[in-house]
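Asks: First, the structure itself, so that you have it in front of you.
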Amino acid sequence: MAREQKLPRPARSDAALAKRAGELVDTYLDGRRYPSSIRWVSTMRTRWASCTPSDGTIRMSVRLASMPPWVLDYVLVHELAHLRVAGHDERFWALVNRYPRCERARGYLDGVSAAAPLPIAPDLEDDMSDDDCAAAADQRPANGSSSSVA
Ligand SMILES: [Zn+2]
């Protein structure tokens with residue numbers, strides 16, 4: 001009872017999340033690399049998601065569960081791409097931008113962040129839990145440039 005989480009959609013279980021992640025890896029990330037563990041967490045208040053590339057784990061905020069599927073997919077692709085590229089460099093964005101609704105999803109999340117009672121960093125830029133990766137997270141391309149969308 002204490003661990004009960006009010007997920008708006010019952011289908012959005014950890015198992016469903018893992019299944020969707022696998023589909024997205026196959027579709028956008030060349031079938032590499034699958035997370036060792038991916039799950040919903042209710043404890044993140046200032047992050048949408050976090051990733052630990054060294055052990056392949058991904059955690060997703062339950063707040064994403066009530067958002068449109070294409071927003072959830074964007075965050076999943078973002079985190080899954082970190083399993084291959086730890087920082088937010090050009091190689092990383094080249095992978096993420098394979099997902100066709102990146103700009104739209106970023107805009108959606110920016111809007112939610114702006115209205116949130118607690119600040120949430122734009123575009124998941126603090127989602128890396130490894131110290132090495134946190135340093136790399138400062139590198140960020142100009143948000144407006146969508147020329148690299150594949
Ligand atoms: Zn990130």
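To be explicit about the labels: the chains of the structure tokens are called A, B, and onward in the order shown, and within each one the residues are counted from 1, while ligands get numbers from 1 in the order they are shown.
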To check your reading of the model: which residues sit at most 9 Å from ligand 1 when counting only C-alpha atoms and all ligand atoms? Write the answer as a PDB file with N, CA and C atoms, in the first residue's frame.
Replies:
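Okay, result-v4.pdb is ready:
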ATOM      1  N   ALA A  49      13.793  12.342 -16.137  1.00  0.00           N
ATOM      2  CA  ALA A  49      14.330  10.994 -16.256  1.00  0.00           C
ATOM      3  C   ALA A  49      15.803  11.037 -15.898  1.00  0.00           C
ATOM      4  N   SER A  50      16.369   9.868 -15.652  1.00  0.00           N
ATOM      5  CA  SER A  50      17.808   9.825 -15.447  1.00  0.00           C
ATOM      6  C   SER A  50      18.341   8.504 -15.959  1.00  0.00           C
ATOM      7  N   CYS A  51      19.628   8.533 -16.278  1.00  0.00           N
ATOM      8  CA  CYS A  51      20.256   7.387 -16.911  1.00  0.00           C
ATOM      9  C   CYS A  51      21.632   7.180 -16.298  1.00  0.00           C
ATOM     10  N   VAL A  75      11.423  11.177 -24.558  1.00  0.00           N
ATOM     11  CA  VAL A  75      12.266  11.048 -23.362  1.00  0.00           C
ATOM     12  C   VAL A  75      12.946   9.675 -23.347  1.00  0.00           C
ATOM     13  N   HIS A  78      15.760   9.744 -25.804  1.00  0.00           N
ATOM     14  CA  HIS A  78      16.835  10.540 -25.222  1.00  0.00           C
ATOM     15  C   HIS A  78      17.655   9.698 -24.238  1.00  0.00           C
ATOM     16  N   GLU A  79      16.961   9.038 -23.327  1.00  0.00           N
ATOM     17  CA  GLU A  79      17.684   8.249 -22.315  1.00  0.00           C
ATOM     18  C   GLU A  79      18.363   7.040 -22.940  1.00  0.00           C
ATOM     19  N   ALA A  81      19.507   6.800 -25.911  1.00  0.00           N
ATOM     20  CA  ALA A  81      20.684   7.255 -26.658  1.00  0.00           C
ATOM     21  C   ALA A  81      21.873   7.453 -25.714  1.00  0.00           C
ATOM     22  N   HIS A  82      21.581   7.795 -24.465  1.00  0.00           N
ATOM     23  CA  HIS A  82      22.671   7.944 -23.482  1.00  0.00           C
ATOM     24  C   HIS A  82      23.366   6.623 -23.194  1.00  0.00           C
ATOM     25  N   ALA A  86      27.317   9.069 -23.588  1.00  0.00           N
ATOM     26  CA  ALA A  86      27.003   9.497 -22.225  1.00  0.00           C
ATOM     27  C   ALA A  86      26.667  10.982 -22.125  1.00  0.00           C
ATOM     28  N   GLY A  87      27.338  11.823 -22.856  1.00  0.00           N
ATOM     29  CA  GLY A  87      27.120  13.257 -22.720  1.00  0.00           C
ATOM     30  C   GLY A  87      26.083  13.786 -23.694  1.00  0.00           C
ATOM     31  N   HIS A  88      25.987  15.113 -23.767  1.00  0.00           N
ATOM     32  CA  HIS A  88      25.060  15.748 -24.698  1.00  0.00           C
ATOM     33  C   HIS A  88      25.847  16.399 -25.836  1.00  0.00           C
ATOM     34  N   PHE A  92      25.576  12.516 -29.694  1.00  0.00           N
ATOM     35  CA  PHE A  92      24.363  12.188 -28.948  1.00  0.00           C
ATOM     36  C   PHE A  92      23.129  12.744 -29.657  1.00  0.00           C
ATOM     37  N   ASP A 123      14.911  20.366 -21.366  1.00  0.00           N
ATOM     38  CA  ASP A 123      15.459  19.365 -22.267  1.00  0.00           C
ATOM     39  C   ASP A 123      16.351  18.343 -21.574  1.00  0.00           C
ATOM     40  N   LEU A 124      16.009  17.949 -20.374  1.00  0.00           N
ATOM     41  CA  LEU A 124      16.650  16.798 -19.732  1.00  0.00           C
ATOM     42  C   LEU A 124      18.140  16.977 -19.535  1.00  0.00           C
ATOM     43  N   GLU A 125      18.594  18.209 -19.445  1.00  0.00           N
ATOM     44  CA  GLU A 125      20.042  18.368 -19.482  1.00  0.00           C
ATOM     45  C   GLU A 125      20.740  17.940 -18.197  1.00  0.00           C
ATOM     46  N   ASP A 126      19.993  17.652 -17.140  1.00  0.00           N
ATOM     47  CA  ASP A 126      20.634  17.183 -15.912  1.00  0.00           C
ATOM     48  C   ASP A 126      20.309  15.725 -15.636  1.00  0.00           C
ATOM     49  N   ASP A 127      20.077  14.967 -16.679  1.00  0.00           N
ATOM     50  CA  ASP A 127      19.581  13.615 -16.475  1.00  0.00           C
ATOM     51  C   ASP A 127      20.662  12.572 -16.249  1.00  0.00           C
ATOM     52  N   MET A 128      21.918  12.977 -16.317  1.00  0.00           N
ATOM     53  CA  MET A 128      22.969  11.993 -16.168  1.00  0.00           C
ATOM     54  C   MET A 128      23.349  11.848 -14.703  1.00  0.00           C
ATOM     55  N   ALA A 137      27.226  17.195 -19.510  1.00  0.00           N
ATOM     56  CA  ALA A 137      25.874  17.678 -19.734  1.00  0.00           C
ATOM     57  C   ALA A 137      25.803  19.186 -19.969  1.00  0.00           C
TER      58      ALA A 137
END
Asks: Show which residues sit within 9 Å of Ala21 of chain A, as a PyMOL selection string. Count only C-alpha atoms, and ignore same-chain residues fewer than 3 positions away.
Replies: chain A and resi 16-18+24-26+34-35+38+73+76-77+80
Asks: For atom CA of Ser54 of chain A and atom CA of Trp93 of chain A, determine how far apart the two atoms are, in Å to one decimal place.
Replies: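 Interatomic distance here is 19.3 Å.
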Asks: Find the distance between atom CA of Met44 of chain A and atom CA of Arg59 of chain A and write it in Å to one decimal.
Replies: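 So the answer is 9.0 Å.
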Asks: What residues in segment 51-84 of chain A get the DSSP label strand (DSSP E)? Please answer as a VMD selection string.
Replies: chain A and resid 51 to 52 57 to 61
Asks: Find the residues near Ser36 of chain A: any atom within 9 Å, counting only C-alpha atoms, skip ones fewer than 4 places away on the same chain, and give them as a list in words.
Replies: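 What passes the distance filter is Asp55, Gly56, Thr57 and Ile58 of chain A.
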